[in-house]
Amino acid sequence: PDAAPPTKLARKLSPHPLLELPNMPDLVQAVEMMLQNSYLLEADRGKIQRQDIERFLRAEEGNTTKAFKRITATVEWRKLQLPIATGVCSECAKSHRAHDLRCIGEDSYGRPVMYNCFSACIARAPQGLFDHYQVKAEDCIRRMKGSVETWVWVCDFEGFGMRDAMDPRFSVWLVQMLQNHYPERLGAAVIVDAPRVFSLLWRAAKSVMA
């Protein structure tokens with residue numbers, strides 16, 4: 001029998017076409033020259049892959065100067081992030097039940113999928129949640145194979161309450177981090193059973209979105 005046509009949700013979750021910059025090789029070369037002549041140490045420059053440069057260029061619509069500034073800022077930012085350096089969330093080091101966000105596999109496009117449910121999260125402090133997301137974001141990147149550059153996040157709002165909605169710091173920090181330091185990494189987000197109070201959190205997050 002013929003395969004069933006893709007559902008509306010399946011179409012939304014399919015990878016979006018990347019922004020095509022016809023002169024991408026020249027743009028990448030220009031940024032590479034900027035990095036070569038920058039203050040960054042050789043060890044730091046060696047960690048910057050061509051795919052990273054391309055993602056920042058797409059995020060800045062081909063502006064090499066802006067892409068270069070964001071890349072160097074990200075290099076410096078990563079040095080200050082203890083969860084990235086250690087690969088360990090301090091809260092989870094105390095209790096394996098502190099946070100629930102975890103990588104659960106890959107979707108049909110090969111993208112790593114991370115999942116969390118609020119009812120299974122014990123430690124709700126914004127800084128702890130933020131640190132934990134960094135650890136799992138890096139985990140997703142390590143799992144990427146071939147041309148895969150994005151992950152999918154399934155966020156289950158069972159257990160989400162007013163106390164969570166009234167403190168938007170984690171959501172604001174997360175949006176800023178993804179925009180500034182992980183451009184074009186979040187391929188899709190699936191929100192499950194969002195309650196009415198979620199609108200408060202969503203308004204706070206939208207206020208800092210580019």
# chains A, B, ... in the order shown; residues from 1 in each chain; ligands from 1

$ select_by_dssp --residues "segment 93-128 of chain A" --states "alpha helix (DSSP H)" --output "list in words"
Ala93, Lys94, Pro126, Gln127 and Gly128 of chain A

$ write_last_selection --atoms "all heavy atoms" --output "mmCIF file, in the first residue's frame"
data_model
loop_
_atom_site.group_PDB
_atom_site.id
_atom_site.type_symbol
_atom_site.label_atom_id
_atom_site.label_comp_id
_atom_site.auth_asym_id
_atom_site.auth_seq_id
_atom_site.Cartn_x
_atom_site.Cartn_y
_atom_site.Cartn_z
ATOM 1 N N ALA A 93 25.376 16.270 39.599
ATOM 2 C CA ALA A 93 26.476 15.602 40.280
ATOM 3 C C ALA A 93 26.078 15.245 41.716
ATOM 4 O O ALA A 93 26.567 14.272 42.283
ATOM 5 C CB ALA A 93 27.719 16.487 40.280
ATOM 6 N N LYS A 94 25.167 16.042 42.295
ATOM 7 C CA LYS A 94 24.677 15.787 43.649
ATOM 8 C C LYS A 94 23.570 14.741 43.654
ATOM 9 O O LYS A 94 23.482 13.925 44.564
ATOM 10 C CB LYS A 94 24.162 17.087 44.268
ATOM 11 C CG LYS A 94 25.195 18.204 44.364
ATOM 12 C CD LYS A 94 24.541 19.489 44.840
ATOM 13 C CE LYS A 94 25.501 20.659 44.814
ATOM 14 N NZ LYS A 94 24.836 21.938 45.174
ATOM 15 N N PRO A 126 16.989 28.533 38.209
ATOM 16 C CA PRO A 126 17.298 28.899 36.820
ATOM 17 C C PRO A 126 18.744 28.625 36.409
ATOM 18 O O PRO A 126 18.989 28.129 35.311
ATOM 19 C CB PRO A 126 16.977 30.395 36.775
ATOM 20 C CG PRO A 126 15.942 30.593 37.836
ATOM 21 C CD PRO A 126 16.325 29.645 38.922
ATOM 22 N N GLN A 127 19.699 28.935 37.291
ATOM 23 C CA GLN A 127 21.099 28.734 36.909
ATOM 24 C C GLN A 127 21.402 27.253 36.703
ATOM 25 O O GLN A 127 22.125 26.879 35.772
ATOM 26 C CB GLN A 127 22.031 29.311 37.979
ATOM 27 C CG GLN A 127 23.510 29.283 37.596
ATOM 28 C CD GLN A 127 23.814 30.133 36.379
ATOM 29 O OE1 GLN A 127 23.545 31.327 36.368
ATOM 30 N NE2 GLN A 127 24.382 29.525 35.339
ATOM 31 N N GLY A 128 20.849 26.405 37.547
ATOM 32 C CA GLY A 128 21.057 24.969 37.393
ATOM 33 C C GLY A 128 20.456 24.446 36.102
ATOM 34 O O GLY A 128 21.069 23.627 35.408
#

$ residues_around --residues "Arg70 of chain A" --least-positions-apart "6" --cutoff "9 Å" --atoms "only C-alpha atoms" --output "list of chain:residue names"
A:Phe56, A:Asn180, A:His181

$ residues_around --residues "Ser90 of chain A" --least-positions-apart "5" --cutoff "12 Å" --atoms "only C-alpha atoms" --output "VMD selection string"
chain A and resid 82 to 84 95 to 96 98 to 99 123 125 127 to 135

$ write_last_selection --atoms "all heavy atoms" --output "CSV table (one decimal), in the first residue's frame"
chain,number,residue,atom,x,y,z
A,82,LEU,N,31.7,26.6,33.0
A,82,LEU,CA,32.2,25.4,33.6
A,82,LEU,C,31.5,24.2,33.2
A,82,LEU,O,32.1,23.1,33.0
A,82,LEU,CB,32.1,25.6,35.2
A,82,LEU,CG,32.7,24.5,36.0
A,82,LEU,CD1,34.2,24.5,35.7
A,82,LEU,CD2,32.5,24.8,37.5
A,83,PRO,N,30.1,24.2,33.0
A,83,PRO,CA,29.5,22.9,32.5
A,83,PRO,C,30.0,22.4,31.2
A,83,PRO,O,30.1,21.2,31.0
A,83,PRO,CB,28.0,23.4,32.4
A,83,PRO,CG,27.9,24.5,33.4
A,83,PRO,CD,29.2,25.2,33.2
A,84,ILE,N,30.4,23.3,30.3
A,84,ILE,CA,30.9,22.9,29.0
A,84,ILE,C,32.3,22.3,29.2
A,84,ILE,O,32.7,21.3,28.6
A,84,ILE,CB,31.0,24.1,28.0
A,84,ILE,CG1,29.5,24.5,27.6
A,84,ILE,CG2,31.8,23.8,26.8
A,84,ILE,CD1,29.5,25.7,26.7
A,95,SER,N,22.7,14.8,42.6
A,95,SER,CA,21.6,13.9,42.5
A,95,SER,C,21.2,13.6,41.1
A,95,SER,O,21.0,14.6,40.3
A,95,SER,CB,20.3,14.4,43.3
A,95,SER,OG,19.2,13.6,43.0
A,96,HIS,N,21.2,12.4,40.7
A,96,HIS,CA,20.9,12.0,39.3
A,96,HIS,C,19.4,12.4,38.9
A,96,HIS,O,19.1,12.4,37.7
A,96,HIS,CB,21.2,10.6,39.0
A,96,HIS,CG,20.2,9.6,39.7
A,96,HIS,ND1,20.3,9.3,41.0
A,96,HIS,CD2,19.1,9.0,39.2
A,96,HIS,CE1,19.3,8.4,41.3
A,96,HIS,NE2,18.6,8.3,40.3
A,98,ALA,N,18.1,15.3,39.7
A,98,ALA,CA,17.9,16.8,39.8
A,98,ALA,C,17.3,17.4,38.6
A,98,ALA,O,16.3,18.2,38.6
A,98,ALA,CB,19.3,17.4,40.0
A,99,HIS,N,17.7,17.0,37.4
A,99,HIS,CA,17.2,17.5,36.1
A,99,HIS,C,16.8,16.3,35.2
A,99,HIS,O,17.3,15.2,35.3
A,99,HIS,CB,18.2,18.3,35.4
A,99,HIS,CG,18.6,19.6,36.2
A,99,HIS,ND1,19.9,19.9,36.4
A,99,HIS,CD2,17.9,20.5,36.7
A,99,HIS,CE1,20.0,21.0,37.1
A,99,HIS,NE2,18.7,21.4,37.3
A,123,ALA,N,15.2,19.9,40.7
A,123,ALA,CA,16.0,21.2,40.9
A,123,ALA,C,15.5,22.2,39.9
A,123,ALA,O,15.7,22.0,38.7
A,123,ALA,CB,17.5,20.9,40.8
A,125,ALA,N,16.1,25.7,40.1
A,125,ALA,CA,16.8,26.9,40.1
A,125,ALA,C,17.2,27.3,38.7
A,125,ALA,O,17.8,26.4,38.0
A,125,ALA,CB,18.0,26.9,41.0
A,127,GLN,N,19.7,28.9,37.3
A,127,GLN,CA,21.1,28.7,36.9
A,127,GLN,C,21.4,27.3,36.7
A,127,GLN,O,22.1,26.9,35.8
A,127,GLN,CB,22.0,29.3,38.0
A,127,GLN,CG,23.5,29.3,37.6
A,127,GLN,CD,23.8,30.1,36.4
A,127,GLN,OE1,23.5,31.3,36.4
A,127,GLN,NE2,24.4,29.5,35.3
A,128,GLY,N,20.8,26.4,37.5
A,128,GLY,CA,21.1,25.0,37.4
A,128,GLY,C,20.5,24.4,36.1
A,128,GLY,O,21.1,23.6,35.4
A,129,LEU,N,19.3,24.9,35.8
A,129,LEU,CA,18.6,24.5,34.5
A,129,LEU,C,19.4,24.9,33.3
A,129,LEU,O,19.6,24.2,32.3
A,129,LEU,CB,17.2,25.1,34.4
A,129,LEU,CG,16.2,24.6,35.5
A,129,LEU,CD1,14.9,25.4,35.4
A,129,LEU,CD2,15.9,23.1,35.2
A,130,PHE,N,20.0,26.2,33.4
A,130,PHE,CA,20.8,26.7,32.3
A,130,PHE,C,22.1,25.9,32.1
A,130,PHE,O,22.4,25.6,31.0
A,130,PHE,CB,21.1,28.2,32.7
A,130,PHE,CG,21.8,28.9,31.6
A,130,PHE,CD1,21.3,29.1,30.3
A,130,PHE,CD2,23.1,29.4,31.8
A,130,PHE,CE1,22.0,29.8,29.3
A,130,PHE,CE2,23.8,30.0,30.8
A,130,PHE,CZ,23.2,30.3,29.6
A,131,ASP,N,22.7,25.6,33.2
A,131,ASP,CA,24.0,24.8,33.2
A,131,ASP,C,23.7,23.4,32.6
A,131,ASP,O,24.5,22.9,31.8
A,131,ASP,CB,24.6,24.7,34.6
A,131,ASP,CG,25.1,26.0,35.1
A,131,ASP,OD1,25.2,27.0,34.3
A,131,ASP,OD2,25.4,26.0,36.3
A,132,HIS,N,22.6,22.8,33.0
A,132,HIS,CA,22.2,21.5,32.5
A,132,HIS,C,22.0,21.5,31.0
A,132,HIS,O,22.4,20.6,30.3
A,132,HIS,CB,21.0,21.0,33.3
A,132,HIS,CG,20.7,19.6,33.0
A,132,HIS,ND1,21.4,18.5,33.5
A,132,HIS,CD2,19.7,19.0,32.2
A,132,HIS,CE1,20.8,17.4,33.1
A,132,HIS,NE2,19.8,17.6,32.2
A,133,TYR,N,21.3,22.6,30.5
A,133,TYR,CA,21.0,22.6,29.1
A,133,TYR,C,22.3,22.7,28.3
A,133,TYR,O,22.4,22.1,27.2
A,133,TYR,CB,20.1,23.8,28.8
A,133,TYR,CG,19.4,23.7,27.4
A,133,TYR,CD1,18.1,23.3,27.3
A,133,TYR,CD2,20.1,24.0,26.2
A,133,TYR,CE1,17.5,23.1,26.1
A,133,TYR,CE2,19.5,23.9,25.0
A,133,TYR,CZ,18.2,23.4,24.9
A,133,TYR,OH,17.6,23.3,23.7
A,134,GLN,N,23.3,23.5,28.8
A,134,GLN,CA,24.6,23.5,28.1
A,134,GLN,C,25.2,22.2,28.0
A,134,GLN,O,25.7,21.8,26.9
A,134,GLN,CB,25.5,24.4,28.9
A,134,GLN,CG,25.2,25.9,28.9
A,134,GLN,CD,26.2,26.7,29.7
A,134,GLN,OE1,27.4,26.3,29.8
A,134,GLN,NE2,25.8,27.8,30.3
A,135,VAL,N,25.2,21.4,29.1
A,135,VAL,CA,25.8,20.0,29.0
A,135,VAL,C,25.1,19.2,28.0
A,135,VAL,O,25.7,18.5,27.2
A,135,VAL,CB,25.7,19.4,30.4
A,135,VAL,CG1,26.1,17.9,30.3
A,135,VAL,CG2,26.5,20.1,31.4

$ residues_around --residues "segment 158-175 of chain A" --least-positions-apart "6" --cutoff "7 Å" --atoms "only C-alpha atoms" --output "number ranges by chain"
A: 117-119, 126-127, 129-130, 193, 197-198, 200-201, 204-205, 208-209

$ atom_distance --atom1 "atom CA of Arg45 of chain A" --atom2 "atom CA of Thr72 of chain A"
9.2 Å
